[in-house]
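Visitor: File follows, upload22.cif with mmCIF, C-alpha atoms:
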```
data_protein
loop_
_atom_site.label_atom_id
_atom_site.label_comp_id
_atom_site.auth_asym_id
_atom_site.auth_seq_id
_atom_site.Cartn_x
_atom_site.Cartn_y
_atom_site.Cartn_z
CA MET W 1 21.11 -2.80 -5.54
CA SER W 2 24.30 -2.56 -3.41
CA GLU W 3 23.69 -1.21 0.10
CA PRO W 4 22.05 2.15 -0.39
CA GLN W 5 22.31 4.03 2.88
CA ALA W 6 22.94 0.81 4.75
CA HIS W 7 23.33 1.59 8.44
CA ALA W 8 23.85 5.24 7.51
CA ASN W 9 20.58 6.13 9.17
CA ALA W 10 21.15 4.84 12.67
CA SER W 11 20.93 8.53 13.48
CA PRO W 12 18.72 10.33 15.99
CA HIS W 13 16.15 10.28 13.18
CA GLY W 14 13.09 8.12 13.60
CA GLU W 15 12.86 4.98 15.68
CA ASP W 16 16.44 4.51 16.84
CA GLN W 17 18.67 2.05 15.00
CA HIS W 18 15.96 1.70 12.32
CA HIS W 19 17.19 0.87 8.82
CA ILE W 20 15.64 3.10 6.16
CA VAL W 21 15.45 1.49 2.73
CA SER W 22 16.33 4.01 0.03
CA TRP W 23 13.67 5.19 -2.45
CA ARG W 24 16.09 4.10 -5.22
CA VAL W 25 15.67 0.48 -4.11
CA TYR W 26 11.87 0.86 -4.28
CA LEU W 27 12.14 2.38 -7.77
CA VAL W 28 14.36 -0.44 -9.09
CA ILE W 29 12.05 -3.08 -7.57
CA VAL W 30 8.86 -1.57 -9.01
CA LEU W 31 10.46 -1.41 -12.46
CA ILE W 32 11.45 -5.10 -12.21
CA LEU W 33 7.91 -5.97 -11.04
CA LEU W 34 6.34 -4.11 -13.97
CA ALA W 35 8.74 -5.74 -16.44
CA ALA W 36 7.92 -9.16 -14.95
CA THR W 37 4.20 -8.45 -15.29
CA GLY W 38 4.69 -7.56 -18.98
CA THR W 39 6.77 -10.70 -19.50
CA THR W 40 4.30 -13.05 -17.85
CA ALA W 41 1.40 -11.53 -19.83
CA ALA W 42 3.36 -11.85 -23.10
CA VAL W 43 4.44 -15.45 -22.40
CA SER W 44 0.81 -16.46 -21.81
CA TYR W 45 0.15 -15.82 -25.53
CA ILE W 46 2.71 -18.51 -26.48
CA ASP W 47 1.57 -22.15 -26.24
CA LEU W 48 4.11 -23.91 -24.01
CA GLY W 49 1.88 -26.78 -22.89
CA VAL W 50 2.24 -27.50 -19.17
CA PHE W 51 5.07 -25.00 -19.01
CA ASN W 52 2.65 -22.07 -19.33
CA ALA W 53 1.57 -22.73 -15.75
CA VAL W 54 5.16 -23.37 -14.62
CA VAL W 55 6.48 -20.12 -16.12
CA ALA W 56 3.53 -18.04 -14.88
CA LEU W 57 3.87 -19.36 -11.33
CA ALA W 58 7.67 -19.06 -11.34
CA ILE W 59 7.37 -15.39 -12.34
CA GLY W 60 4.66 -14.95 -9.69
CA VAL W 61 6.88 -16.45 -6.98
CA THR W 62 9.77 -14.23 -8.08
CA LYS W 63 7.59 -11.10 -7.92
CA ALA W 64 6.21 -12.06 -4.50
CA THR W 65 9.73 -12.71 -3.20
CA LEU W 66 10.89 -9.26 -4.33
CA VAL W 67 7.88 -7.65 -2.65
CA VAL W 68 8.52 -9.52 0.61
CA LEU W 69 12.27 -8.85 0.67
CA PHE W 70 12.30 -5.18 -0.33
CA PHE W 71 8.84 -3.54 -0.09
CA MET W 72 8.16 -5.44 3.14
CA HIS W 73 11.75 -4.92 4.37
CA VAL W 74 12.33 -8.56 5.33
CA LYS W 75 15.85 -8.39 3.85
CA TYR W 76 16.62 -5.66 6.40
CA SER W 77 14.62 -7.10 9.29
CA THR W 78 15.58 -8.84 12.52
CA ARG W 79 16.22 -12.56 12.55
CA LEU W 80 12.96 -13.00 14.42
CA THR W 81 11.01 -11.50 11.52
CA LYS W 82 12.94 -13.52 8.95
CA LEU W 83 12.28 -16.73 10.86
CA THR W 84 8.60 -15.84 11.32
CA VAL W 85 8.06 -15.21 7.61
CA PHE W 86 9.99 -18.28 6.55
CA SER W 87 8.25 -20.64 8.98
CA GLY W 88 4.85 -19.29 7.95
CA ILE W 89 5.48 -19.91 4.26
CA PHE W 90 7.04 -23.29 5.02
CA THR W 91 3.98 -24.38 7.05
CA PHE W 92 1.73 -23.26 4.20
CA LEU W 93 3.75 -25.35 1.70
CA VAL W 94 3.61 -28.39 4.01
CA LEU W 95 -0.19 -28.08 4.21
CA ILE W 96 -0.45 -27.87 0.41
CA ALA W 97 1.92 -30.81 -0.10
CA MET W 98 0.06 -33.04 2.38
CA THR W 99 -3.36 -32.18 0.93
CA LEU W 100 -2.12 -32.84 -2.61
CA ALA W 101 -0.49 -36.10 -1.49
CA ASP W 102 -3.93 -37.20 -0.33
CA TYR W 103 -5.80 -36.24 -3.51
CA ILE W 104 -3.13 -37.57 -5.89
CA THR W 105 -2.90 -40.99 -4.21
CA ARG W 106 -6.65 -41.61 -3.76
CA ALA W 107 -6.98 -43.38 -7.11
CA TRP W 108 -3.75 -45.36 -6.80
CA GLY W 109 -4.22 -48.96 -7.85
CA SER W 110 -7.54 -48.19 -9.56
CA TRP W 111 -6.06 -48.16 -13.07
CA MET T 1 20.92 -5.70 14.89
CA PRO T 2 18.60 -4.06 17.46
CA ASP T 3 18.53 -7.11 19.75
CA SER T 4 22.01 -6.57 21.13
CA THR T 5 21.70 -2.79 21.29
CA ALA T 6 18.44 -3.12 23.20
CA ILE T 7 20.18 -5.16 25.91
CA VAL T 8 23.10 -2.77 26.17
CA GLN T 9 20.91 0.31 26.34
CA GLY T 10 18.63 -1.39 28.85
CA ALA T 11 21.62 -2.08 31.08
CA GLU T 12 22.74 1.53 30.90
CA LYS T 13 19.36 2.96 31.74
CA ALA T 14 18.23 0.56 34.44
CA GLY T 15 15.22 1.75 36.35
CA HIS T 16 13.16 4.65 35.15
CA HIS T 17 14.49 5.90 31.87
CA GLU T 18 13.85 8.79 29.52
CA HIS T 19 12.01 7.96 26.34
CA PRO T 20 9.93 9.62 23.61
CA SER T 21 6.24 10.12 24.42
CA TYR T 22 5.19 7.53 21.82
CA GLN T 23 7.24 4.78 23.46
CA ARG T 24 5.16 2.59 25.74
CA HIS T 25 6.65 2.41 29.21
CA HIS T 26 7.09 -1.39 29.19
CA PHE T 27 9.52 -1.28 26.27
CA GLU T 28 13.20 -0.61 26.88
CA THR T 29 13.76 1.17 23.57
CA THR T 30 11.70 2.44 20.66
CA ALA T 31 13.55 -0.10 18.50
CA GLN T 32 12.30 -2.91 20.74
CA GLN T 33 8.78 -1.50 20.56
CA PHE T 34 9.02 -1.30 16.76
CA ASP T 35 10.24 -4.90 16.48
CA ALA T 36 7.49 -6.21 18.75
CA THR T 37 4.78 -4.44 16.72
CA ASN T 38 6.38 -5.58 13.48
CA PHE T 39 6.43 -9.18 14.73
CA ALA T 40 2.74 -8.97 15.68
CA MET T 41 1.86 -7.63 12.22
CA TRP T 42 3.68 -10.52 10.57
CA ILE T 43 1.86 -13.05 12.75
CA PHE T 44 -1.42 -11.51 11.58
CA LEU T 45 -0.26 -11.74 7.95
CA LEU T 46 0.60 -15.44 8.42
CA THR T 47 -3.01 -16.08 9.48
CA GLU T 48 -4.02 -14.27 6.29
CA ILE T 49 -1.75 -16.53 4.23
CA MET T 50 -3.50 -19.57 5.74
CA PHE T 51 -6.91 -18.00 5.06
CA PHE T 52 -6.23 -17.28 1.39
CA GLY T 53 -4.25 -20.53 1.20
CA GLY T 54 -7.47 -22.52 1.68
CA LEU T 55 -8.99 -20.77 -1.33
CA PHE T 56 -5.87 -21.39 -3.43
CA MET T 57 -5.91 -25.05 -2.39
CA ALA T 58 -9.58 -25.40 -3.40
CA TYR T 59 -8.79 -23.79 -6.76
CA LEU T 60 -5.91 -26.21 -7.34
CA ILE T 61 -7.99 -29.33 -6.60
CA PHE T 62 -11.15 -28.29 -8.46
CA ARG T 63 -9.11 -27.20 -11.46
CA ASN T 64 -7.70 -30.74 -11.64
CA TRP T 65 -11.14 -32.34 -11.24
CA TYR T 66 -13.05 -30.16 -13.71
CA TYR T 67 -10.17 -29.11 -15.94
CA PRO T 68 -12.19 -28.46 -19.18
CA ALA T 69 -14.70 -26.32 -17.25
CA PHE T 70 -11.91 -24.28 -15.64
CA VAL T 71 -10.21 -23.69 -19.00
CA VAL T 72 -13.33 -22.28 -20.71
CA GLY T 73 -14.32 -20.42 -17.54
CA SER T 74 -10.94 -18.70 -17.51
CA HIS T 75 -11.39 -17.73 -21.18
CA GLN T 76 -14.24 -15.48 -20.05
CA LEU T 77 -11.79 -13.18 -18.24
CA SER T 78 -10.30 -10.14 -19.93
CA MET T 79 -6.51 -10.19 -20.32
CA PHE T 80 -6.56 -6.42 -20.78
CA TRP T 81 -8.34 -5.62 -17.52
CA GLY T 82 -6.47 -8.30 -15.58
CA THR T 83 -3.08 -7.04 -16.70
CA ALA T 84 -4.12 -3.41 -16.19
CA ASN T 85 -5.22 -4.17 -12.64
CA THR T 86 -1.95 -5.99 -11.88
CA THR T 87 -0.07 -2.89 -13.03
CA VAL T 88 -2.29 -0.56 -10.97
CA LEU T 89 -1.75 -2.65 -7.84
CA ILE T 90 2.04 -2.91 -8.27
CA VAL T 91 2.31 0.86 -8.75
CA SER T 92 0.16 1.34 -5.63
CA SER T 93 2.60 -0.86 -3.70
CA PHE T 94 5.40 1.42 -4.90
CA THR T 95 3.58 4.59 -3.80
CA MET T 96 2.90 2.92 -0.43
CA ALA T 97 6.61 2.03 -0.06
CA MET T 98 7.43 5.66 -0.87
CA GLY T 99 4.97 6.68 1.84
CA VAL T 100 6.89 4.58 4.37
CA TRP T 101 10.13 6.18 3.17
CA CYS T 102 8.65 9.69 3.56
CA ALA T 103 7.40 8.85 7.07
CA GLU T 104 10.85 7.58 8.05
CA LYS T 105 12.45 10.74 6.60
CA ARG T 106 9.82 12.94 8.29
CA LEU T 107 8.63 14.38 4.96
CA LYS T 108 5.02 15.30 5.72
CA ASN T 109 3.96 16.50 2.26
CA GLY T 110 5.61 13.54 0.58
CA LEU T 111 3.81 11.17 2.92
CA VAL T 112 0.42 12.82 2.36
CA TRP T 113 0.84 12.67 -1.43
CA SER T 114 2.08 9.06 -1.36
CA LEU T 115 -0.97 8.04 0.68
CA ILE T 116 -3.33 9.98 -1.62
CA LEU T 117 -1.83 8.27 -4.70
CA THR T 118 -2.06 4.85 -3.03
CA PHE T 119 -5.68 5.63 -2.10
CA LEU T 120 -6.55 6.64 -5.69
CA LEU T 121 -4.80 3.59 -7.20
CA GLY T 122 -6.66 1.36 -4.73
CA LEU T 123 -9.96 2.92 -5.86
CA GLY T 124 -8.84 2.48 -9.49
CA PHE T 125 -8.27 -1.23 -8.87
CA LEU T 126 -11.74 -1.59 -7.36
CA GLY T 127 -13.23 0.35 -10.29
CA ILE T 128 -11.66 -2.01 -12.84
CA LYS T 129 -12.78 -4.97 -10.71
CA SER T 130 -16.36 -3.70 -10.81
CA ILE T 131 -16.20 -3.38 -14.63
CA GLU T 132 -15.16 -7.04 -14.81
CA TRP T 133 -17.79 -8.21 -12.31
CA THR T 134 -20.54 -6.26 -14.12
CA GLU T 135 -19.78 -8.18 -17.31
CA LYS T 136 -20.11 -11.48 -15.41
CA VAL T 137 -23.50 -10.38 -14.08
CA GLU T 138 -24.69 -9.37 -17.56
CA LYS T 139 -23.62 -12.71 -19.06
CA HIS T 140 -25.28 -14.67 -16.22
CA HIS T 141 -21.93 -16.05 -15.08
CA VAL T 142 -22.58 -15.47 -11.38
CA PRO T 143 -23.23 -18.89 -9.75
CA GLY T 144 -26.81 -19.32 -8.61
CA PHE T 145 -30.36 -19.55 -9.96
CA HIS T 146 -29.71 -17.23 -12.91
CA TYR T 147 -26.54 -18.98 -14.04
CA SER T 148 -26.35 -19.69 -17.79
CA ILE T 149 -24.15 -22.40 -19.36
CA GLN T 150 -24.89 -21.17 -22.88
CA SER T 151 -21.38 -19.76 -23.45
CA PHE T 152 -19.97 -23.23 -22.75
CA THR T 153 -22.48 -25.60 -24.43
CA ASN T 154 -22.64 -23.33 -27.47
CA PRO T 155 -19.40 -21.30 -27.54
CA ALA T 156 -20.20 -19.70 -30.90
CA SER T 157 -23.10 -17.87 -29.20
CA ASP T 158 -20.46 -15.82 -27.36
CA PRO T 159 -18.59 -14.38 -30.38
CA GLU T 160 -16.23 -12.08 -28.48
CA VAL T 161 -14.65 -14.98 -26.59
CA TYR T 162 -15.16 -17.55 -29.37
CA ASN T 163 -13.20 -15.52 -31.94
CA GLU T 164 -10.20 -15.46 -29.60
CA TYR T 165 -10.19 -19.04 -28.26
CA HIS T 166 -12.37 -21.22 -30.59
CA ASP T 167 -13.39 -23.45 -27.67
CA ASN T 168 -15.22 -26.70 -28.42
CA PRO T 169 -18.69 -27.10 -26.91
CA LEU T 170 -18.76 -28.86 -23.52
CA PRO T 171 -21.33 -31.53 -22.58
CA PRO T 172 -23.97 -30.01 -20.25
CA ASP T 173 -22.67 -31.73 -17.10
CA MET T 174 -19.13 -30.40 -17.55
CA ALA T 175 -20.50 -27.01 -18.65
CA ALA T 176 -22.43 -26.88 -15.35
CA HIS T 177 -19.11 -27.27 -13.48
CA THR T 178 -18.02 -23.87 -14.81
CA GLN T 179 -20.10 -22.65 -11.85
CA VAL T 180 -17.36 -24.03 -9.60
CA TYR T 181 -14.81 -21.94 -11.50
CA PHE T 182 -16.89 -18.79 -11.17
CA PHE T 183 -17.70 -19.55 -7.53
CA LEU T 184 -13.97 -19.67 -6.77
CA TYR T 185 -13.38 -16.66 -9.03
CA PHE T 186 -15.83 -14.56 -7.03
CA ALA T 187 -14.71 -15.98 -3.68
CA MET T 188 -11.04 -15.23 -4.35
CA THR T 189 -11.33 -11.88 -6.13
CA GLY T 190 -14.13 -10.96 -3.70
CA MET T 191 -12.08 -11.66 -0.58
CA HIS T 192 -9.17 -9.84 -2.18
CA ALA T 193 -11.41 -6.87 -3.04
CA LEU T 194 -12.75 -6.85 0.54
CA HIS T 195 -9.17 -6.49 1.76
CA MET T 196 -8.69 -3.64 -0.73
CA VAL T 197 -11.86 -1.92 0.55
CA ILE T 198 -10.61 -2.21 4.15
CA GLY T 199 -7.18 -0.91 3.06
CA VAL T 200 -8.66 2.05 1.16
CA GLY T 201 -10.85 2.82 4.18
CA ILE T 202 -7.87 2.87 6.54
CA LEU T 203 -5.93 4.98 4.01
CA SER T 204 -8.70 7.59 3.92
CA VAL T 205 -8.22 8.12 7.68
CA MET T 206 -4.42 7.94 7.45
CA ILE T 207 -4.33 10.76 4.87
CA PHE T 208 -5.91 13.20 7.34
CA ARG T 209 -3.80 11.97 10.26
CA ALA T 210 -0.64 12.30 8.11
CA TRP T 211 -1.75 15.81 7.16
CA ALA T 212 -1.99 16.61 10.87
CA GLY T 213 1.60 15.37 11.24
CA ALA T 214 0.79 12.19 13.16
CA TYR T 215 3.40 9.99 11.48
CA THR T 216 6.27 12.35 10.72
CA GLY T 217 7.34 13.03 14.29
CA GLY T 218 9.52 9.92 14.50
CA HIS T 219 6.73 7.44 15.24
CA PHE T 220 5.95 5.79 11.90
CA THR T 221 5.10 2.25 13.08
CA PHE T 222 1.49 2.55 11.92
CA VAL T 223 2.54 3.55 8.38
CA GLU T 224 5.11 0.75 8.26
CA ASN T 225 2.61 -1.90 9.39
CA PHE T 226 -0.16 -0.65 7.12
CA GLY T 227 2.42 -0.85 4.32
CA LEU T 228 2.97 -4.53 5.20
CA TYR T 229 -0.80 -5.11 4.93
CA TRP T 230 -1.01 -3.29 1.58
CA HIS T 231 1.95 -5.22 0.12
CA PHE T 232 0.45 -8.48 1.37
CA VAL T 233 -2.79 -7.74 -0.52
CA ASP T 234 -0.61 -7.01 -3.57
CA ILE T 235 1.07 -10.43 -3.21
CA ILE T 236 -2.32 -12.20 -3.13
CA TRP T 237 -3.15 -10.53 -6.45
CA ILE T 238 0.30 -11.46 -7.84
CA PHE T 239 -0.84 -15.11 -7.49
CA LEU T 240 -4.51 -14.60 -8.44
CA TYR T 241 -3.49 -13.00 -11.74
CA PRO T 242 -1.61 -16.02 -13.20
CA LEU T 243 -4.00 -18.61 -11.70
CA LEU T 244 -7.22 -16.98 -12.91
CA TYR T 245 -6.11 -15.20 -16.08
CA LEU T 246 -2.94 -16.70 -17.50
CA ILE T 247 -2.43 -20.44 -17.06
CA SER T 248 -5.53 -21.69 -18.93
CA ARG T 249 -5.23 -19.66 -22.12
CA HIS T 250 -4.11 -22.65 -24.24
CA THR T 251 -5.41 -26.23 -24.56
#
```
Let me see the file written as structure tokens.
Guide:
Amino acid sequence: MSEPQAHANASPHGEDQHHIVSWRVYLVIVLILLAATGTTAAVSYIDLGVFNAVVALAIGVTKATLVVLFFMHVKYSTRLTKLTVFSGIFTFLVLIAMTLADYITRAWGSW
Amino acid sequence: MPDSTAIVQGAEKAGHHEHPSYQRHHFETTAQQFDATNFAMWIFLLTEIMFFGGLFMAYLIFRNWYYPAFVVGSHQLSMFWGTANTTVLIVSSFTMAMGVWCAEKRLKNGLVWSLILTFLLGLGFLGIKSIEWTEKVEKHHVPGFHYSIQSFTNPASDPEVYNEYHDNPLPPDMAAHTQVYFFLYFAMTGMHALHMVIGVGILSVMIFRAWAGAYTGGHFTFVENFGLYWHFVDIIWIFLYPLLYLISRHT
């Protein structure tokens, strides 16, 4: 994706110093997202055992990451925004991990 | 990037400074104002992650507890409509991103058309969703007094699904737990659809404001932040699609 128009738009246009992400970036990203959707749908027809869930979620995480970085401009955002997004997702993962740790260990020793 | 420039410009223009009419007086620069609003929007989206996160967590735990019920429940969903809706929503995210680009470039017609396309795709998503929900109502798969476990205790009675998956009959107690699957199905897709309805509603106002030139005069913060909301709703669906439709197709 190189740096399309990187810093080229710190012009009097728009909110000053604002980075405008090129429409070409959006086009490339949407094509990747559509291809990933086709792939994940196709893979679901193949029996991979537990890996069906792993592959589907891995593709989901990849798609979400692309949306956050490019459609939601986090790649081009201030450090404050990057830190905010990261800490939010991290907190969410901690909550999931701790809840699962509880449920998984409840039956420990009972078998 | 704008942090340092904000300080430098603030030092230059100490005291009362010139600024565009859309810049609130307590901000040093429009860039600082934009960043502050952007930060606030992200904080709101983090609360939304936690809100939907609770539903995802419930789905994860109940799927482990009542695994056979969740597998056959998931077989009731249509791959065709689910995949079609994922495509519709991703394309709507693209048209929304193009809307933000048009607002930044001060292209009024482009912005209006991007918002109209996003609006129509949003309605299309809700239309497909209503087709899927209607089928659940007709088959008595909405949790409650009229719920029917027939598709799960006697799978052959539901030929359309049976011919694709050949599920074994479930004992009545496990078959009853399919209600938990459909409860979470309606809770998650319902909360997602509510967000879509709110988004489409805001879009319908934005289209007229964009037409009047409200966002193409240099002040596009509202379009940018609505875009963040719309993409966030897209991300929720990006996870609902594999969890509800894809991961239980085998076994």
Visitor: Given the file above and the PyMOL selection byres ((chain W) within 8 of (chain T)), which residues are selected, and can you give them as a PyMOL selection string?
Guide: chain W and resi 13-18+20-23+26-27+30+33-34+37+41+44-45+47+49+52-53+56-57+60-61+63-64+67-68+71-72+78+80-81+84-85+88-89+92+96+100+103
Visitor: Using atom CA of T:Ile202 and atom CA of T:Phe222 as the two end points, give the distance in Å to one decimal.
Guide: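 Atom-to-atom, atom CA of T:Ile202 to atom CA of T:Phe222, that is 10.8 Å.
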Visitor: If I take atom CA of T:Lys136 and atom CA of T:Asp173, how far is one from the other in Å, to one decimal?
Guide: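 Going from atom CA of T:Lys136 over to atom CA of T:Asp173 covers 20.5 Å.
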Visitor: Translate the PyMOL selection byres ((chain T and resi 137-144) around 10) into a concrete residue list for this structure, as number ranges by chain.
Guide: T: 73, 76, 132-136, 145-151, 158, 176, 178-186
Visitor: Would you mind reading off the distance between atom CA of W:Phe86 and atom CA of T:Phe51, one decimal, in Å?
Guide: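 Value for the atom CA of W:Phe86-atom CA of T:Phe51 distance: 17.0 Å.
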Visitor: Around all the atoms of stretch 149-158 of chain T listed in the file, with 8 Å of room on each side, what axis-aligned box do you get, giving centre and edge lengths in Å to one decimal, as AutoDock Vina command-line options?
Guide:
```
--center_x -22.1 --center_y -20.7 --center_z -25.1 --size_x 21.5 --size_y 25.8 --size_z 27.5
```
Visitor: Please provide the set of residues having any atom within 9 Å of stretch 190-194 of chain T, restricted to only C-alpha atoms, with same-chain residues fewer than 2 positions apart removed, written as a list in words.
Guide: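 Non-adjacent residues within range: Phe52, Phe125, Leu126, Lys129, Tyr185, Phe186, Ala187, Met188, Met196, Val197, Ile198, Gly199, Val233, Ile236 and Trp237 of chain T.
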Visitor: Kindly add N, CA, C and O atoms to the incomplete stretch 74-85 of chain T and provide the output as a PDB file, in the coordinates of the input.
Guide:
```
ATOM      1  N   SER T  74     -12.019 -19.686 -17.505  1.00  0.00           N
ATOM      2  CA  SER T  74     -10.940 -18.700 -17.510  1.00  0.00           C
ATOM      3  C   SER T  74     -10.912 -17.875 -18.793  1.00  0.00           C
ATOM      4  O   SER T  74     -10.511 -16.707 -18.778  1.00  0.00           O
ATOM      5  N   HIS T  75     -11.378 -18.475 -19.910  1.00  0.00           N
ATOM      6  CA  HIS T  75     -11.390 -17.730 -21.180  1.00  0.00           C
ATOM      7  C   HIS T  75     -12.389 -16.577 -21.159  1.00  0.00           C
ATOM      8  O   HIS T  75     -12.363 -15.719 -22.041  1.00  0.00           O
ATOM      9  N   GLN T  76     -13.274 -16.574 -20.165  1.00  0.00           N
ATOM     10  CA  GLN T  76     -14.240 -15.480 -20.050  1.00  0.00           C
ATOM     11  C   GLN T  76     -13.611 -14.213 -19.455  1.00  0.00           C
ATOM     12  O   GLN T  76     -14.206 -13.151 -19.490  1.00  0.00           O
ATOM     13  N   LEU T  77     -12.412 -14.346 -18.880  1.00  0.00           N
ATOM     14  CA  LEU T  77     -11.790 -13.180 -18.240  1.00  0.00           C
ATOM     15  C   LEU T  77     -11.040 -12.353 -19.274  1.00  0.00           C
ATOM     16  O   LEU T  77     -10.534 -12.870 -20.268  1.00  0.00           O
ATOM     17  N   SER T  78     -10.955 -11.052 -18.999  1.00  0.00           N
ATOM     18  CA  SER T  78     -10.300 -10.140 -19.930  1.00  0.00           C
ATOM     19  C   SER T  78      -8.819  -9.977 -19.572  1.00  0.00           C
ATOM     20  O   SER T  78      -8.483  -9.514 -18.484  1.00  0.00           O
ATOM     21  N   MET T  79      -7.955 -10.379 -20.508  1.00  0.00           N
ATOM     22  CA  MET T  79      -6.510 -10.190 -20.320  1.00  0.00           C
ATOM     23  C   MET T  79      -6.186  -8.719 -20.105  1.00  0.00           C
ATOM     24  O   MET T  79      -5.340  -8.360 -19.290  1.00  0.00           O
ATOM     25  N   PHE T  80      -6.870  -7.856 -20.863  1.00  0.00           N
ATOM     26  CA  PHE T  80      -6.560  -6.420 -20.780  1.00  0.00           C
ATOM     27  C   PHE T  80      -6.815  -5.888 -19.367  1.00  0.00           C
ATOM     28  O   PHE T  80      -5.932  -5.290 -18.750  1.00  0.00           O
ATOM     29  N   TRP T  81      -8.024  -6.151 -18.846  1.00  0.00           N
ATOM     30  CA  TRP T  81      -8.340  -5.620 -17.520  1.00  0.00           C
ATOM     31  C   TRP T  81      -7.509  -6.288 -16.436  1.00  0.00           C
ATOM     32  O   TRP T  81      -7.093  -5.650 -15.466  1.00  0.00           O
ATOM     33  N   GLY T  82      -7.268  -7.597 -16.585  1.00  0.00           N
ATOM     34  CA  GLY T  82      -6.470  -8.300 -15.580  1.00  0.00           C
ATOM     35  C   GLY T  82      -5.049  -7.762 -15.499  1.00  0.00           C
ATOM     36  O   GLY T  82      -4.520  -7.516 -14.408  1.00  0.00           O
ATOM     37  N   THR T  83      -4.445  -7.552 -16.665  1.00  0.00           N
ATOM     38  CA  THR T  83      -3.080  -7.040 -16.700  1.00  0.00           C
ATOM     39  C   THR T  83      -3.041  -5.579 -16.224  1.00  0.00           C
ATOM     40  O   THR T  83      -2.136  -5.178 -15.476  1.00  0.00           O
ATOM     41  N   ALA T  84      -4.048  -4.811 -16.635  1.00  0.00           N
ATOM     42  CA  ALA T  84      -4.120  -3.410 -16.190  1.00  0.00           C
ATOM     43  C   ALA T  84      -4.209  -3.344 -14.671  1.00  0.00           C
ATOM     44  O   ALA T  84      -3.516  -2.554 -14.024  1.00  0.00           O
ATOM     45  N   ASN T  85      -5.040  -4.207 -14.083  1.00  0.00           N
ATOM     46  CA  ASN T  85      -5.220  -4.170 -12.640  1.00  0.00           C
ATOM     47  C   ASN T  85      -3.951  -4.605 -11.903  1.00  0.00           C
ATOM     48  O   ASN T  85      -3.639  -4.086 -10.830  1.00  0.00           O
TER      49      ASN T  85
END
```
